[in-house]
$ cat model32.tsv   # TSV, C-alpha atoms
chain	number	residue	atom	x	y	z
A	1063	CYS	CA	-113.57	111.32	-169.67
A	1064	ILE	CA	-111.05	108.67	-170.71
A	1065	ARG	CA	-108.16	109.45	-168.37
A	1066	THR	CA	-107.48	111.70	-165.41
A	1067	PHE	CA	-104.08	112.90	-164.19
A	1068	PRO	CA	-104.04	113.95	-160.52
A	1069	HIS	CA	-101.82	116.85	-159.45
A	1070	ARG	CA	-100.64	118.02	-156.03
A	1071	GLY	CA	-102.00	121.56	-156.44
A	1072	PRO	CA	-104.34	123.66	-158.61
A	1073	VAL	CA	-103.44	123.32	-162.31
A	1074	ARG	CA	-102.82	126.65	-164.04
A	1075	GLY	CA	-101.95	125.59	-167.58
A	1076	VAL	CA	-101.50	122.70	-170.01
A	1077	ALA	CA	-99.76	122.52	-173.39
A	1078	PHE	CA	-99.47	119.75	-175.97
A	1079	ALA	CA	-96.08	119.15	-177.54
A	1080	GLU	CA	-95.58	119.09	-181.30
A	1081	GLY	CA	-96.33	115.59	-182.57
A	1082	SER	CA	-99.05	114.97	-179.95
A	1083	GLN	CA	-96.97	112.39	-178.05
A	1084	MET	CA	-96.74	114.27	-174.74
A	1085	TYR	CA	-98.09	117.24	-172.85
A	1086	ALA	CA	-96.90	119.45	-170.02
A	1087	SER	CA	-98.77	121.07	-167.14
A	1088	ILE	CA	-98.04	123.69	-164.49
A	1089	SER	CA	-99.52	123.60	-161.01
A	1090	ASP	CA	-99.51	125.91	-157.98
A	1091	PRO	CA	-97.91	125.12	-154.63
A	1092	PHE	CA	-100.20	123.39	-152.14
A	1093	VAL	CA	-99.53	122.86	-148.42
A	1094	GLU	CA	-95.94	121.56	-148.25
A	1095	HIS	CA	-95.65	120.90	-151.99
A	1096	ASN	CA	-93.90	123.43	-154.23
A	1097	ALA	CA	-95.20	124.59	-157.59
A	1098	GLN	CA	-94.40	122.07	-160.30
A	1099	ILE	CA	-94.02	121.46	-164.02
A	1100	SER	CA	-95.11	117.96	-165.06
A	1101	ILE	CA	-94.51	116.21	-168.39
A	1102	TYR	CA	-96.70	113.25	-169.35
A	1103	ASP	CA	-96.22	110.77	-172.18
A	1104	ILE	CA	-99.36	110.07	-174.21
A	1105	PRO	CA	-98.26	107.86	-177.13
A	1106	GLU	CA	-100.64	108.32	-180.05
A	1107	ASN	CA	-100.94	104.60	-180.79
A	1108	ASP	CA	-101.51	103.47	-177.20
A	1109	ASN	CA	-104.85	102.96	-175.53
A	1110	PRO	CA	-105.56	106.12	-173.51
A	1111	GLU	CA	-106.70	103.97	-170.60
A	1112	ASP	CA	-103.13	102.65	-170.41
A	1113	TYR	CA	-101.50	106.07	-170.12
A	1114	PRO	CA	-99.55	106.28	-166.84
A	1115	GLU	CA	-101.10	108.76	-164.44
A	1116	THR	CA	-97.68	109.69	-163.04
A	1117	PRO	CA	-95.58	112.16	-165.06
A	1118	ARG	CA	-92.43	111.09	-166.90
A	1119	LEU	CA	-90.68	114.18	-165.55
A	1120	GLU	CA	-91.41	116.49	-162.63
A	1121	ILE	CA	-89.63	119.83	-162.37
A	1122	ASP	CA	-89.88	121.26	-158.88
A	1123	LEU	CA	-90.18	125.04	-158.54
A	1124	PRO	CA	-88.78	125.80	-155.07
A	1125	LYS	CA	-89.20	128.98	-153.06
A	1126	MET	CA	-87.11	132.01	-153.90
A	1127	PRO	CA	-84.09	132.86	-151.69
A	1128	ASP	CA	-86.27	135.37	-149.79
A	1129	GLY	CA	-88.71	132.58	-148.89
A	1130	LYS	CA	-91.48	133.63	-151.28
A	1131	ARG	CA	-93.19	131.02	-153.40
A	1132	VAL	CA	-93.18	131.50	-157.15
A	1133	ASN	CA	-96.25	130.48	-159.15
A	1134	PRO	CA	-96.18	129.64	-162.89
A	1135	THR	CA	-98.83	131.39	-164.99
A	1136	ASN	CA	-98.36	130.11	-168.58
A	1137	ILE	CA	-96.59	127.23	-170.31
A	1138	VAL	CA	-95.75	126.81	-174.02
A	1139	TRP	CA	-93.65	124.33	-176.01
A	1140	LEU	CA	-91.17	126.09	-178.29
A	1141	ASN	CA	-90.54	124.96	-181.86
A	1142	LEU	CA	-89.49	121.33	-182.31
A	1143	ASN	CA	-90.11	120.78	-178.57
A	1144	GLU	CA	-86.63	122.15	-177.87
A	1145	ALA	CA	-87.66	123.83	-174.63
A	1146	LEU	CA	-90.55	124.58	-172.30
A	1147	PHE	CA	-91.34	128.28	-172.02
A	1148	VAL	CA	-92.83	129.18	-168.63
A	1149	THR	CA	-93.94	132.55	-167.24
A	1150	PHE	CA	-94.28	133.39	-163.54
A	1151	ASP	CA	-96.09	135.71	-161.16
A	1152	ASN	CA	-92.85	137.42	-160.16
A	1153	GLY	CA	-92.40	138.81	-163.69
A	1154	SER	CA	-89.87	136.21	-164.84
A	1155	ILE	CA	-89.66	133.86	-167.82
A	1156	ARG	CA	-87.73	130.60	-167.71
A	1157	LEU	CA	-86.79	128.02	-170.31
A	1158	TYR	CA	-86.52	124.38	-169.27
A	1159	ASP	CA	-85.07	121.32	-170.99
A	1160	PRO	CA	-88.05	118.92	-171.44
A	1161	VAL	CA	-85.77	115.87	-171.26
A	1162	SER	CA	-83.56	116.61	-168.26
A	1163	GLY	CA	-85.65	119.28	-166.52
A	1164	GLU	CA	-82.63	121.59	-166.40
A	1165	GLU	CA	-83.28	125.34	-166.29
A	1166	LEU	CA	-81.76	126.72	-169.48
A	1167	GLU	CA	-82.31	130.44	-169.09
A	1168	GLU	CA	-84.12	133.03	-167.00
A	1169	ILE	CA	-85.04	136.65	-167.76
A	1170	PHE	CA	-87.09	139.27	-165.90
A	1171	PRO	CA	-89.12	141.27	-168.44
A	1172	HIS	CA	-91.56	142.62	-165.83
A	1173	GLU	CA	-91.72	143.86	-162.25
A	1174	LYS	CA	-95.09	142.20	-161.55
A	1175	LYS	CA	-97.09	139.14	-162.58
A	1176	ILE	CA	-97.08	138.05	-166.23
A	1177	ASN	CA	-100.78	137.42	-166.90
A	1178	ARG	CA	-100.54	136.04	-170.42
A	1179	VAL	CA	-98.10	135.36	-173.23
A	1180	SER	CA	-98.92	135.07	-176.94
A	1181	PHE	CA	-96.81	134.02	-179.90
A	1182	ASN	CA	-97.05	134.82	-183.58
A	1183	ARG	CA	-97.94	131.96	-185.90
A	1184	ASP	CA	-94.40	130.66	-186.50
A	1185	LYS	CA	-93.26	131.29	-182.90
A	1186	THR	CA	-90.49	133.72	-183.80
A	1187	LEU	CA	-91.96	136.52	-181.66
A	1188	PHE	CA	-93.83	136.56	-178.38
A	1189	ILE	CA	-95.62	139.28	-176.46
A	1190	THR	CA	-96.20	139.42	-172.72
A	1191	SER	CA	-99.05	140.99	-170.74
A	1192	SER	CA	-98.32	142.14	-167.23
A	1193	ALA	CA	-99.87	143.65	-164.13
A	1194	ASP	CA	-97.13	146.33	-164.25
A	1195	PHE	CA	-99.17	148.20	-166.95
A	1196	THR	CA	-96.89	147.15	-169.84
A	1197	SER	CA	-96.76	144.62	-172.64
A	1198	LYS	CA	-93.42	143.67	-174.19
A	1199	LEU	CA	-92.40	142.16	-177.51
A	1200	TYR	CA	-89.47	139.72	-177.61
A	1201	ASP	CA	-87.53	137.70	-180.13
A	1202	VAL	CA	-87.94	134.00	-179.32
A	1203	VAL	CA	-84.51	132.79	-180.46
A	1204	ASP	CA	-82.27	134.96	-178.28
A	1205	LEU	CA	-84.91	136.41	-175.91
A	1206	GLU	CA	-84.01	139.92	-177.08
A	1207	HIS	CA	-86.35	142.68	-175.94
A	1208	LEU	CA	-87.69	144.51	-179.02
A	1209	LYS	CA	-90.59	146.80	-178.05
A	1210	THR	CA	-92.60	148.00	-175.05
A	1211	TYR	CA	-96.26	149.06	-175.14
A	1212	LYS	CA	-97.21	151.21	-172.15
A	1213	THR	CA	-100.68	151.71	-170.67
A	1214	ASP	CA	-102.14	153.14	-167.47
A	1215	ARG	CA	-103.90	149.94	-166.34
A	1216	PRO	CA	-102.95	146.27	-165.84
A	1217	VAL	CA	-102.64	144.38	-169.15
A	1218	ASN	CA	-104.38	140.98	-169.09
A	1219	ASP	CA	-103.81	139.88	-172.68
A	1220	ALA	CA	-102.11	141.00	-175.87
A	1221	VAL	CA	-101.98	139.53	-179.37
A	1222	ILE	CA	-99.87	140.03	-182.48
A	1223	SER	CA	-101.75	140.56	-185.73
A	1224	GLU	CA	-100.70	138.18	-188.51
A	1225	THR	CA	-101.91	140.47	-191.30
A	1226	LYS	CA	-100.85	143.92	-190.06
A	1227	ASP	CA	-97.99	145.33	-187.99
A	1228	HIS	CA	-100.36	145.92	-185.10
A	1229	ILE	CA	-100.66	144.82	-181.47
A	1230	LEU	CA	-103.99	144.52	-179.61
A	1231	LEU	CA	-104.00	144.96	-175.82
A	1232	GLY	CA	-106.77	144.29	-173.32
A	1233	GLY	CA	-107.07	144.75	-169.57
A	1234	GLY	CA	-108.42	147.43	-167.29
A	1235	GLN	CA	-108.92	148.22	-163.65
A	1236	GLU	CA	-108.72	145.21	-161.33
A	1237	ALA	CA	-111.93	143.20	-161.04
A	1238	MET	CA	-112.44	143.95	-157.32
A	1239	SER	CA	-113.06	147.63	-158.14
A	1240	VAL	CA	-115.27	147.13	-161.20
A	1241	THR	CA	-118.66	147.46	-159.50
A	1242	THR	CA	-117.94	151.08	-158.59
A	1243	THR	CA	-116.29	152.06	-161.86
A	1244	ALA	CA	-117.77	153.27	-165.14
A	1245	GLY	CA	-116.55	151.61	-168.32
A	1246	LYS	CA	-114.75	154.72	-169.52
A	1247	VAL	CA	-112.96	155.27	-166.21
A	1248	GLY	CA	-112.00	151.61	-165.84
A	1249	LYS	CA	-110.19	151.58	-169.20
A	1250	PHE	CA	-111.96	148.44	-170.43
A	1251	GLU	CA	-111.29	149.13	-174.13
A	1252	THR	CA	-109.27	147.06	-176.56
A	1253	ARG	CA	-106.25	149.22	-177.39
A	1254	PHE	CA	-104.52	149.18	-180.78
A	1255	PHE	CA	-100.78	149.88	-181.09
A	1256	TYR	CA	-98.38	150.08	-184.00
A	1257	LEU	CA	-96.05	147.12	-183.55
A	1258	VAL	CA	-92.95	148.99	-184.73
A	1259	TYR	CA	-93.59	152.50	-183.40
A	1260	GLU	CA	-95.05	151.51	-180.00
A	1261	GLU	CA	-97.75	154.18	-180.39
A	1262	GLU	CA	-101.43	153.73	-179.57
A	1263	PHE	CA	-103.65	154.73	-182.49
A	1264	GLY	CA	-107.12	153.54	-181.55
A	1265	THR	CA	-109.47	151.92	-179.03
A	1266	VAL	CA	-112.62	149.82	-179.26
A	1267	LYS	CA	-115.14	150.08	-176.41
A	1268	GLY	CA	-117.97	147.77	-175.42
A	1269	HIS	CA	-117.11	145.87	-172.24
A	1270	PHE	CA	-117.98	147.06	-168.75
A	1271	GLY	CA	-115.38	144.89	-167.01
A	1272	PRO	CA	-111.65	144.17	-167.46
A	1273	ILE	CA	-110.79	142.35	-170.69
A	1274	ASN	CA	-109.22	139.00	-169.83
A	1275	ALA	CA	-108.73	137.42	-173.26
A	1276	LEU	CA	-108.13	138.53	-176.85
A	1277	ASP	CA	-107.60	136.72	-180.13
A	1278	ILE	CA	-107.50	137.80	-183.77
A	1279	ASN	CA	-109.08	135.70	-186.49
A	1280	PRO	CA	-106.24	134.19	-188.61
A	1281	ASN	CA	-107.82	135.80	-191.69
A	1282	GLY	CA	-107.32	139.23	-190.11
A	1283	LEU	CA	-110.94	140.29	-190.63
A	1284	SER	CA	-112.18	140.16	-187.04
A	1285	TYR	CA	-111.18	139.68	-183.41
A	1286	ALA	CA	-112.82	138.43	-180.22
A	1287	SER	CA	-112.56	139.80	-176.68
A	1288	GLY	CA	-113.69	138.15	-173.46
A	1289	ALA	CA	-114.15	140.12	-170.26
A	1290	GLU	CA	-114.98	140.00	-166.57
A	1291	ASP	CA	-118.51	141.19	-167.45
A	1292	GLY	CA	-119.34	137.66	-168.67
A	1293	TYR	CA	-119.45	138.46	-172.40
A	1294	VAL	CA	-117.40	137.55	-175.44
A	1295	ARG	CA	-117.68	140.24	-178.09
A	1296	LEU	CA	-116.92	139.45	-181.73
A	1297	HIS	CA	-115.73	142.53	-183.62
A	1298	PHE	CA	-115.45	142.78	-187.41
A	1299	PHE	CA	-112.93	145.29	-188.74
A	1300	ASP	CA	-114.42	147.94	-191.00
A	1301	LYS	CA	-113.06	148.84	-194.43
A	1302	SER	CA	-111.15	151.88	-193.15
A	1303	TYR	CA	-109.11	149.66	-190.84
A	1304	LEU	CA	-108.52	146.94	-193.40
A	1305	ASP	CA	-107.33	149.57	-195.92
A	1306	MET	CA	-104.99	151.29	-193.44
A	1307	LYS	CA	-101.50	151.96	-194.73
A	1308	ASP	CA	-98.28	151.97	-192.73
A	1309	PRO	CA	-97.84	155.58	-191.45
A	1310	VAL	CA	-94.19	155.43	-192.54
A	1311	PRO	CA	-94.06	153.43	-195.80
A	1312	GLU	CA	-91.11	151.16	-196.39
A	1313	VAL	CA	-90.50	152.76	-199.81
A	1314	ASP	CA	-91.18	156.42	-200.49
A	1315	GLU	CA	-93.78	156.85	-203.23
A	1316	GLU	CA	-91.59	159.28	-205.17
A	1317	GLU	CA	-88.65	156.86	-205.07
A	1318	LYS	CA	-90.94	154.09	-206.24
A	1319	VAL	CA	-92.07	156.15	-209.24
A	1320	ALA	CA	-88.46	157.08	-210.06
A	1321	GLU	CA	-87.42	153.43	-210.03
A	1322	GLU	CA	-90.23	152.56	-212.44

$ encode --input "model32.tsv" --output "structure tokens"
Amino acid sequence: CIRTFPHRGPVRGVAFAEGSQMYASISDPFVEHNAQISIYDIPENDNPEDYPETPRLEIDLPKMPDGKRVNPTNIVWLNLNEALFVTFDNGSIRLYDPVSGEELEEIFPHEKKINRVSFNRDKTLFITSSADFTSKLYDVVDLEHLKTYKTDRPVNDAVISETKDHILLGGGQEAMSVTTTAGKVGKFETRFFYLVYEEEFGTVKGHFGPINALDINPNGLSYASGAEDGYVRLHFFDKSYLDMKDPVPEVDEEEKVAEE
């Protein structure tokens, strides 16, 4: 370890900025300290041992008007480091100015905790995963709600396919109840949805605990799932999936023939 950066509470997330000159972290409240967003400068050409251990900017996250503490769950830098994107356990998303610390915008996509957020490759879309049994697709630029994917269990992670108009969701019954629940009853499958139509069209079984993490290989040929059962399963898509066509083609085949 070259450098350590002490925080006032448990750290829940870190994210490097574009250009690798700084990073941001989110930490939980602890004793009298509120939850906090911290931004650290880590100049590429400096000796890491000389990095200051105190953040350049601290953004305090005070209690809500009703006295409840709000805990951040994920942090992401948006394109060109224009804003910090932070999700919370009260179902909200906030954007912060990384220079001044000013709160730029706040929306409430969910009624319960946002467990995870994932972006597509160019960060024009993001998808949330929530304990309220839903996952929602948003436009990054104007934070417009586009689609909702509904399930009957908490959603712990969701990813956007880069090669198909599909969404993969993972979750299941809460971990505290897993020991008394069969895999089928606990809904521990990876669930496949059409991105546009919001319809579930398939599931992949295998885990016997809630799925906590999902990711699709950038080449679109496989995906990995990690679960409460202590396993990461690597799944390779079969030919029938890779050859799947859009159920409602963009151009009708007869029209295509007529144009030719």

$ residues_around --input "model32.tsv" --residues "segment 1209-1225 of chain A" --least-positions-apart "2" --cutoff "6 Å" --atoms "only C-alpha atoms" --output "PDB file with C-alpha atoms, in the coordinates of the input"
ATOM      1  CA  ASN A1177    -100.780 137.420-166.900  1.00  0.00           C
ATOM      2  CA  ARG A1178    -100.540 136.040-170.420  1.00  0.00           C
ATOM      3  CA  SER A1180     -98.920 135.070-176.940  1.00  0.00           C
ATOM      4  CA  SER A1191     -99.050 140.990-170.740  1.00  0.00           C
ATOM      5  CA  SER A1192     -98.320 142.140-167.230  1.00  0.00           C
ATOM      6  CA  ALA A1193     -99.870 143.650-164.130  1.00  0.00           C
ATOM      7  CA  PHE A1195     -99.170 148.200-166.950  1.00  0.00           C
ATOM      8  CA  THR A1196     -96.890 147.150-169.840  1.00  0.00           C
ATOM      9  CA  SER A1197     -96.760 144.620-172.640  1.00  0.00           C
ATOM     10  CA  LYS A1198     -93.420 143.670-174.190  1.00  0.00           C
ATOM     11  CA  LEU A1199     -92.400 142.160-177.510  1.00  0.00           C
ATOM     12  CA  HIS A1228    -100.360 145.920-185.100  1.00  0.00           C
ATOM     13  CA  ILE A1229    -100.660 144.820-181.470  1.00  0.00           C
ATOM     14  CA  LEU A1230    -103.990 144.520-179.610  1.00  0.00           C
ATOM     15  CA  LEU A1231    -104.000 144.960-175.820  1.00  0.00           C
ATOM     16  CA  GLY A1232    -106.770 144.290-173.320  1.00  0.00           C
ATOM     17  CA  GLY A1233    -107.070 144.750-169.570  1.00  0.00           C
ATOM     18  CA  GLY A1234    -108.420 147.430-167.290  1.00  0.00           C
ATOM     19  CA  GLN A1235    -108.920 148.220-163.650  1.00  0.00           C
ATOM     20  CA  GLU A1260     -95.050 151.510-180.000  1.00  0.00           C
ATOM     21  CA  ASN A1274    -109.220 139.000-169.830  1.00  0.00           C
ATOM     22  CA  ALA A1275    -108.730 137.420-173.260  1.00  0.00           C
ATOM     23  CA  GLY A1282    -107.320 139.230-190.110  1.00  0.00           C
TER      24      GLY A1282
END

$ atom_distance --input "model32.tsv" --atom1 "atom CA of Phe1147 of chain A" --atom2 "atom CA of Asp1090 of chain A"
16.4 Å

$ closest_atom_pairs --input "model32.tsv" --of "segment 1156-1269 of chain A" --to "segment 1128-1132 of chain A" --cutoff "12 Å" --atoms "all atoms listed in the file" --output "Markdown table"
| residue | atom | partner | partner_atom | distance |
| --- | --- | --- | --- | --- |
| A:Arg1156 | CA | A:Val1132 | CA | 11.9 |
| A:Lys1174 | CA | A:Val1132 | CA | 11.7 |
| A:Lys1175 | CA | A:Val1132 | CA | 10.2 |
| A:Ile1176 | CA | A:Val1132 | CA | 11.9 |

$ closest_residue --input "model32.tsv" --among "A:Glu1173, A:Asp1227, A:Asp1277, A:Glu1236" --to "Tyr1256 of chain A" --atoms "only C-alpha atoms"
A:Asp1227

$ closest_residue --input "model32.tsv" --among "A:Ala1289, A:Leu1257, A:Ile1101, A:Ile1155" --to "Phe1078 of chain A" --atoms "only C-alpha atoms"
A:Ile1101

$ atom_distance --input "model32.tsv" --atom1 "atom CA of Asp1184 of chain A" --atom2 "atom CA of Asn1141 of chain A"
8.3 Å

$ atom_distance --input "model32.tsv" --atom1 "atom CA of Lys1267 of chain A" --atom2 "atom CA of Asp1305 of chain A"
21.0 Å

$ residues_around --input "model32.tsv" --residues "Gln1083 of chain A" --least-positions-apart "6" --cutoff "9 Å" --atoms "only C-alpha atoms" --output "list in words"
Tyr1102, Asp1103, Ile1104, Pro1105 and Glu1106 of chain A

$ closest_residue --input "model32.tsv" --among "A:Trp1139, A:Phe1092, A:Tyr1200, A:Tyr1285" --to "Ala1077 of chain A" --atoms "only C-alpha atoms"
A:Trp1139

$ closest_residue --input "model32.tsv" --among "A:Ile1137, A:Leu1304, A:Leu1119, A:Ala1086" --to "Leu1157 of chain A" --atoms "all atoms listed in the file"
A:Ile1137

$ closest_residue --input "model32.tsv" --among "A:Cys1063, A:Phe1254, A:Leu1140, A:Pro1124" --to "Thr1186 of chain A" --atoms "all atoms listed in the file"
A:Leu1140

$ closest_residue --input "model32.tsv" --among "A:Asn1182, A:Phe1263, A:Gly1081, A:Asn1281" --to "Pro1309 of chain A" --atoms "all atoms listed in the file"
A:Phe1263

$ axis_aligned_box --input "model32.tsv" --around "segment 1168-1172 of chain A" --padding-each-side "4 Å" --output "lines of an AutoDock Vina configuration file"
center_x = -87.8
center_y = 137.8
center_z = -167.1
size_x = 15.4
size_y = 17.6
size_z = 10.6

$ residues_near_point --input "model32.tsv" --point "(-110.6, 105.9, -170.2)" --cutoff "8 Å" --atoms "only C-alpha atoms" --output "list of chain:residue names"
A:Cys1063, A:Ile1064, A:Arg1065, A:Pro1110, A:Glu1111

$ write_last_selection --input "model32.tsv" --atoms "C-alpha atoms" --output "PDB file, in the frame of the given file"
ATOM      1  CA  CYS A1063    -113.570 111.320-169.670  1.00  0.00           C
ATOM      2  CA  ILE A1064    -111.050 108.670-170.710  1.00  0.00           C
ATOM      3  CA  ARG A1065    -108.160 109.450-168.370  1.00  0.00           C
ATOM      4  CA  PRO A1110    -105.560 106.120-173.510  1.00  0.00           C
ATOM      5  CA  GLU A1111    -106.700 103.970-170.600  1.00  0.00           C
TER       6      GLU A1111
END

$ build_atoms --input "model32.tsv" --residues "segment 1080-1093 of chain A" --atoms "N, CA and C atoms" --output "PDB file, in the coordinates of the input"
ATOM      1  N   GLU A1080     -95.476 119.396-179.880  1.00  0.00           N
ATOM      2  CA  GLU A1080     -95.580 119.090-181.300  1.00  0.00           C
ATOM      3  C   GLU A1080     -95.470 117.581-181.492  1.00  0.00           C
ATOM      4  N   GLY A1081     -96.325 117.022-182.349  1.00  0.00           N
ATOM      5  CA  GLY A1081     -96.330 115.590-182.570  1.00  0.00           C
ATOM      6  C   GLY A1081     -97.358 114.848-181.744  1.00  0.00           C
ATOM      7  N   SER A1082     -97.949 115.532-180.748  1.00  0.00           N
ATOM      8  CA  SER A1082     -99.050 114.970-179.950  1.00  0.00           C
ATOM      9  C   SER A1082     -98.677 113.715-179.171  1.00  0.00           C
ATOM     10  N   GLN A1083     -97.407 113.577-178.795  1.00  0.00           N
ATOM     11  CA  GLN A1083     -96.970 112.390-178.050  1.00  0.00           C
ATOM     12  C   GLN A1083     -96.792 112.664-176.553  1.00  0.00           C
ATOM     13  N   MET A1084     -96.899 113.925-176.157  1.00  0.00           N
ATOM     14  CA  MET A1084     -96.740 114.270-174.740  1.00  0.00           C
ATOM     15  C   MET A1084     -97.372 115.629-174.493  1.00  0.00           C
ATOM     16  N   TYR A1085     -97.602 115.909-173.222  1.00  0.00           N
ATOM     17  CA  TYR A1085     -98.090 117.240-172.850  1.00  0.00           C
ATOM     18  C   TYR A1085     -97.454 117.629-171.533  1.00  0.00           C
ATOM     19  N   ALA A1086     -97.464 118.922-171.255  1.00  0.00           N
ATOM     20  CA  ALA A1086     -96.900 119.450-170.020  1.00  0.00           C
ATOM     21  C   ALA A1086     -97.964 120.259-169.284  1.00  0.00           C
ATOM     22  N   SER A1087     -97.846 120.299-167.965  1.00  0.00           N
ATOM     23  CA  SER A1087     -98.770 121.070-167.140  1.00  0.00           C
ATOM     24  C   SER A1087     -97.992 121.861-166.101  1.00  0.00           C
ATOM     25  N   ILE A1088     -98.603 122.922-165.597  1.00  0.00           N
ATOM     26  CA  ILE A1088     -98.040 123.690-164.490  1.00  0.00           C
ATOM     27  C   ILE A1088     -99.071 123.735-163.375  1.00  0.00           C
ATOM     28  N   SER A1089     -98.607 123.592-162.149  1.00  0.00           N
ATOM     29  CA  SER A1089     -99.520 123.600-161.010  1.00  0.00           C
ATOM     30  C   SER A1089     -98.963 124.468-159.882  1.00  0.00           C
ATOM     31  N   ASP A1090     -99.864 125.019-159.099  1.00  0.00           N
ATOM     32  CA  ASP A1090     -99.510 125.910-157.980  1.00  0.00           C
ATOM     33  C   ASP A1090     -98.986 125.109-156.790  1.00  0.00           C
ATOM     34  N   PRO A1091     -98.282 125.776-155.883  1.00  0.00           N
ATOM     35  CA  PRO A1091     -97.910 125.120-154.630  1.00  0.00           C
ATOM     36  C   PRO A1091     -99.149 124.818-153.803  1.00  0.00           C
ATOM     37  N   PHE A1092     -99.066 123.766-153.001  1.00  0.00           N
ATOM     38  CA  PHE A1092    -100.200 123.390-152.140  1.00  0.00           C
ATOM     39  C   PHE A1092     -99.661 122.749-150.875  1.00  0.00           C
ATOM     40  N   VAL A1093    -100.010 123.320-149.727  1.00  0.00           N
ATOM     41  CA  VAL A1093     -99.530 122.860-148.420  1.00  0.00           C
ATOM     42  C   VAL A1093     -98.002 122.823-148.449  1.00  0.00           C
TER      43      VAL A1093
END
